[in-house]
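K.L.:
Sharing a structure below in structure tokens format, with a few things to ask.
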Amino acid sequence: LRAKRMATRMTTTTTRCAAARASGSGGRRVLHPVSLPSLARPRRGVESGRQQRSTGVRAQPGDKSELEDLVMKNVNGLFGNVNEGEAGTIPDAEGYVDGTAGAFTITRVSFGNIALSTGSVLLAYGFGAYFNFLPGESISAIMLIYGFPASLIGFALRYAQLNPVPCRSKPEAIALRASKATDIQNQIREDVTRFRYGDEQHLDLALERVLMLGRYEGVPRRLCPKLVAVREEVSPADGEYQLVLEFEHLTGFKAEEWTKRLDKITSFFGPGIQQATMVETAQGAEITLTSDGSGAGRGGGDKKEVLPPLMPGLPAREA
């Protein structure tokens with residue numbers, strides 16, 4: 001209606017001006033007709049403005065596919081990188097990124113936290129509804145019935161939960177995972193960077209066999225080193241993939257226990273591994289496992305059992 005009114009007014013004004021010019025205005029100021037822009041054209045601008053406000057990107061003619069790709073990239077960024085080889089974080093001062101960034105896996109979720117949180121909410125709301133502090137008195141019994149066992153399961157899982165260790169990786173080392181890392185190196189990195197249940201510490205079976213924990217000429221169990229972090233690097237000598245295990249030593253543990261067992265460590269985490277090396281640090285020691293580039297130990301070949309099952313009672317995993 002507004003557009004029709006404006007068109008009618010401009011038509012009347014144009015007609016009057018033309019009539020005044022034809023009859024002579026007698027020295028008075030003559031109004032010349034002014035052409036109006038099309039009233040249908042701003043509709044495209046309105047839609048473009050709406051699209052710009054909704055996406056935050058200025059829409060250009062013919063850029064629909066680029067705009068959709070940009071929007072999908074922003075949406076995917078909310079859930080992390082899909083490609084595991086792409087680093088999802090900015091390198092730190094030493095050039096390392098978060099080595100666990102990549103595709104989402106259920107093993108990186110704490111079931112203890114989920115069960116405990118869910119059970120606590122159900123118990124709290126169930127008690128509140130039962131004593132008429134909150135609405136829902138009719139379903140308070142169901143909340144209490146399910147909330148109590150959920151809380152117990154959550155407490156049990158939290159008690160047996162072993163938190164993952166941080167993984168710092170060089171971007172160039174992440175690119176070598178698929179072509180250089182052995183199956184055992186990948187399994188070690190994946191197992192220590194996920195939540196575990198029922199284990200006292202990471203690599204407990206491997207440490208027991210390598211250090212001969214509690215045995216003659218072995219290391220006492222109370223002095224067993226603790227894995228605190230892992231790193232992925234590229235060997236400066238030959239450009240091979242390296243997995244560095246960072247251990248924290250307890251008071252009384254000597255670094256000589258690692259030095260005299262380097263050959264055993266190499267054979268235990270092989271095949272496809274060069275001679276293992278050890279470097280003392282302020283907190284303990286770093287054991288470096290470097291692939292030899294021969295391709296041995298890759299592609300599901302002969303492996304050794306290195307790590308225990310994720311939970312007690314489950315069958316042992318291949319390593």
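Chain identifiers are assigned as A, B, and so on, following the order in which chains appear in the structure tokens; residues are numbered from 1 within each chain, and ligands are numbered from 1 in order of appearance.
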Would you list, as a ChimeraX atom specification, the residues of stretch 80-271 of chain A that end up in alpha helix (DSSP H) under DSSP run on this structure's backbone?
P.N.:
/A:111-130,140-160,171-175,177-180,183-192,204-210,256-259,262-268
K.L.:
Residues of stretch 217-281 of chain A classed as strand (DSSP E or B) by DSSP on the backbone are to be reported as a list of chain:residue names.
P.N.:
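Answer for stretch 217-281 of chain A, restricted to strand (DSSP E or B): A:Lys226, A:Leu227, A:Val228, A:Ala229, A:Val230, A:Arg231, A:Glu232, A:Glu233, A:Val234, A:Tyr241, A:Gln242, A:Leu243, A:Val244, A:Leu245, A:Glu246, A:Phe247, A:Glu248, A:Ile273, A:Thr277, A:Met278, A:Val279, A:Glu280.
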K.L.:
Give me, as a VMD selection string, all polymer residues having an atom no more than 12 Å from A:Phe269, counting only C-alpha atoms and skipping those fewer than 4 positions away in the same chain.
P.N.:
chain A and resid 182 to 188 203 206 to 207 209 to 210 243 262 to 265 273 to 276 287 to 291 296 to 297 302 to 307 319
K.L.:
Would you output that residue set with N, CA and C atoms, as a JSON list (two decimals), in the first residue's frame?
P.N.:
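selection.json, written as the output of this step:
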```json
[["chain", "number", "residue", "atom", "x", "y", "z"],
["A", 182, "THR", "N", 55.16, -46.73, 14.32],
["A", 182, "THR", "CA", 54.81, -48.14, 14.40],
["A", 182, "THR", "C", 53.47, -48.31, 15.11],
["A", 183, "ASP", "N", 52.92, -49.51, 15.02],
["A", 183, "ASP", "CA", 51.64, -49.77, 15.67],
["A", 183, "ASP", "C", 51.74, -49.64, 17.18],
["A", 184, "ILE", "N", 52.86, -50.05, 17.74],
["A", 184, "ILE", "CA", 53.02, -49.97, 19.19],
["A", 184, "ILE", "C", 53.16, -48.51, 19.63],
["A", 185, "GLN", "N", 53.87, -47.71, 18.87],
["A", 185, "GLN", "CA", 53.97, -46.29, 19.21],
["A", 185, "GLN", "C", 52.60, -45.63, 19.18],
["A", 186, "ASN", "N", 51.81, -45.91, 18.17],
["A", 186, "ASN", "CA", 50.46, -45.34, 18.11],
["A", 186, "ASN", "C", 49.59, -45.83, 19.26],
["A", 187, "GLN", "N", 49.72, -47.11, 19.61],
["A", 187, "GLN", "CA", 48.89, -47.62, 20.70],
["A", 187, "GLN", "C", 49.29, -47.02, 22.04],
["A", 188, "ILE", "N", 50.58, -46.83, 22.26],
["A", 188, "ILE", "CA", 51.02, -46.20, 23.50],
["A", 188, "ILE", "C", 50.45, -44.80, 23.61],
["A", 203, "LEU", "N", 51.04, -47.56, 31.56],
["A", 203, "LEU", "CA", 52.13, -48.46, 31.20],
["A", 203, "LEU", "C", 52.57, -49.32, 32.38],
["A", 206, "ALA", "N", 53.97, -52.71, 31.17],
["A", 206, "ALA", "CA", 55.26, -52.54, 30.51],
["A", 206, "ALA", "C", 56.36, -52.25, 31.53],
["A", 207, "LEU", "N", 56.07, -51.38, 32.50],
["A", 207, "LEU", "CA", 57.07, -51.06, 33.52],
["A", 207, "LEU", "C", 57.38, -52.27, 34.40],
["A", 209, "ARG", "N", 57.41, -55.37, 33.48],
["A", 209, "ARG", "CA", 58.28, -56.32, 32.78],
["A", 209, "ARG", "C", 59.67, -55.73, 32.52],
["A", 210, "VAL", "N", 59.74, -54.45, 32.21],
["A", 210, "VAL", "CA", 61.04, -53.85, 31.89],
["A", 210, "VAL", "C", 61.87, -53.65, 33.14],
["A", 243, "LEU", "N", 58.71, -40.86, 19.64],
["A", 243, "LEU", "CA", 57.77, -40.77, 20.75],
["A", 243, "LEU", "C", 58.58, -40.71, 22.04],
["A", 262, "LEU", "N", 68.16, -50.36, 28.55],
["A", 262, "LEU", "CA", 67.78, -49.77, 27.27],
["A", 262, "LEU", "C", 67.62, -50.82, 26.17],
["A", 263, "ASP", "N", 68.46, -51.85, 26.19],
["A", 263, "ASP", "CA", 68.32, -52.91, 25.19],
["A", 263, "ASP", "C", 66.99, -53.66, 25.38],
["A", 264, "LYS", "N", 66.61, -53.87, 26.62],
["A", 264, "LYS", "CA", 65.35, -54.54, 26.88],
["A", 264, "LYS", "C", 64.17, -53.67, 26.48],
["A", 265, "ILE", "N", 64.28, -52.38, 26.69],
["A", 265, "ILE", "CA", 63.22, -51.46, 26.28],
["A", 265, "ILE", "C", 63.06, -51.47, 24.76],
["A", 273, "ILE", "N", 61.83, -50.29, 15.93],
["A", 273, "ILE", "CA", 62.32, -49.23, 16.83],
["A", 273, "ILE", "C", 63.84, -49.24, 16.83],
["A", 274, "GLN", "N", 64.43, -48.05, 16.75],
["A", 274, "GLN", "CA", 65.87, -47.93, 16.90],
["A", 274, "GLN", "C", 66.25, -48.12, 18.37],
["A", 275, "GLN", "N", 67.55, -48.04, 18.64],
["A", 275, "GLN", "CA", 68.02, -48.17, 20.01],
["A", 275, "GLN", "C", 67.42, -47.06, 20.87],
["A", 276, "ALA", "N", 66.72, -47.45, 21.93],
["A", 276, "ALA", "CA", 66.09, -46.48, 22.83],
["A", 276, "ALA", "C", 67.17, -45.66, 23.54],
["A", 287, "ILE", "N", 62.49, -41.17, 28.00],
["A", 287, "ILE", "CA", 62.82, -42.32, 27.18],
["A", 287, "ILE", "C", 62.30, -42.03, 25.78],
["A", 288, "THR", "N", 63.20, -42.09, 24.79],
["A", 288, "THR", "CA", 62.85, -41.77, 23.41],
["A", 288, "THR", "C", 62.80, -43.04, 22.60],
["A", 289, "LEU", "N", 61.65, -43.26, 21.95],
["A", 289, "LEU", "CA", 61.46, -44.39, 21.04],
["A", 289, "LEU", "C", 61.38, -43.84, 19.63],
["A", 290, "THR", "N", 62.38, -44.17, 18.80],
["A", 290, "THR", "CA", 62.48, -43.66, 17.44],
["A", 290, "THR", "C", 62.26, -44.79, 16.45],
["A", 291, "SER", "N", 61.37, -44.58, 15.50],
["A", 291, "SER", "CA", 61.15, -45.59, 14.47],
["A", 291, "SER", "C", 62.37, -45.67, 13.55],
["A", 296, "ALA", "N", 58.87, -52.22, 9.69],
["A", 296, "ALA", "CA", 58.57, -53.32, 10.59],
["A", 296, "ALA", "C", 57.68, -52.83, 11.73],
["A", 297, "GLY", "N", 56.79, -53.70, 12.17],
["A", 297, "GLY", "CA", 55.88, -53.33, 13.25],
["A", 297, "GLY", "C", 54.74, -52.46, 12.82],
["A", 302, "ASP", "N", 53.39, -58.88, 13.17],
["A", 302, "ASP", "CA", 53.64, -59.50, 14.47],
["A", 302, "ASP", "C", 53.81, -58.42, 15.53],
["A", 303, "LYS", "N", 53.06, -58.55, 16.60],
["A", 303, "LYS", "CA", 53.10, -57.58, 17.68],
["A", 303, "LYS", "C", 53.30, -58.30, 19.00],
["A", 304, "LYS", "N", 53.62, -57.52, 19.99],
["A", 304, "LYS", "CA", 53.76, -58.05, 21.33],
["A", 304, "LYS", "C", 52.72, -57.40, 22.23],
["A", 305, "GLU", "N", 52.33, -58.14, 23.27],
["A", 305, "GLU", "CA", 51.36, -57.59, 24.22],
["A", 305, "GLU", "C", 52.09, -56.61, 25.13],
["A", 306, "VAL", "N", 51.76, -55.35, 25.00],
["A", 306, "VAL", "CA", 52.47, -54.31, 25.76],
["A", 306, "VAL", "C", 51.60, -53.75, 26.87],
["A", 307, "LEU", "N", 50.32, -53.54, 26.59],
["A", 307, "LEU", "CA", 49.45, -52.83, 27.51],
["A", 307, "LEU", "C", 48.31, -53.73, 27.96],
["A", 319, "ALA", "N", 49.05, -55.71, 21.06],
["A", 319, "ALA", "CA", 49.90, -54.54, 21.09],
["A", 319, "ALA", "C", 51.06, -54.73, 20.13]]
```
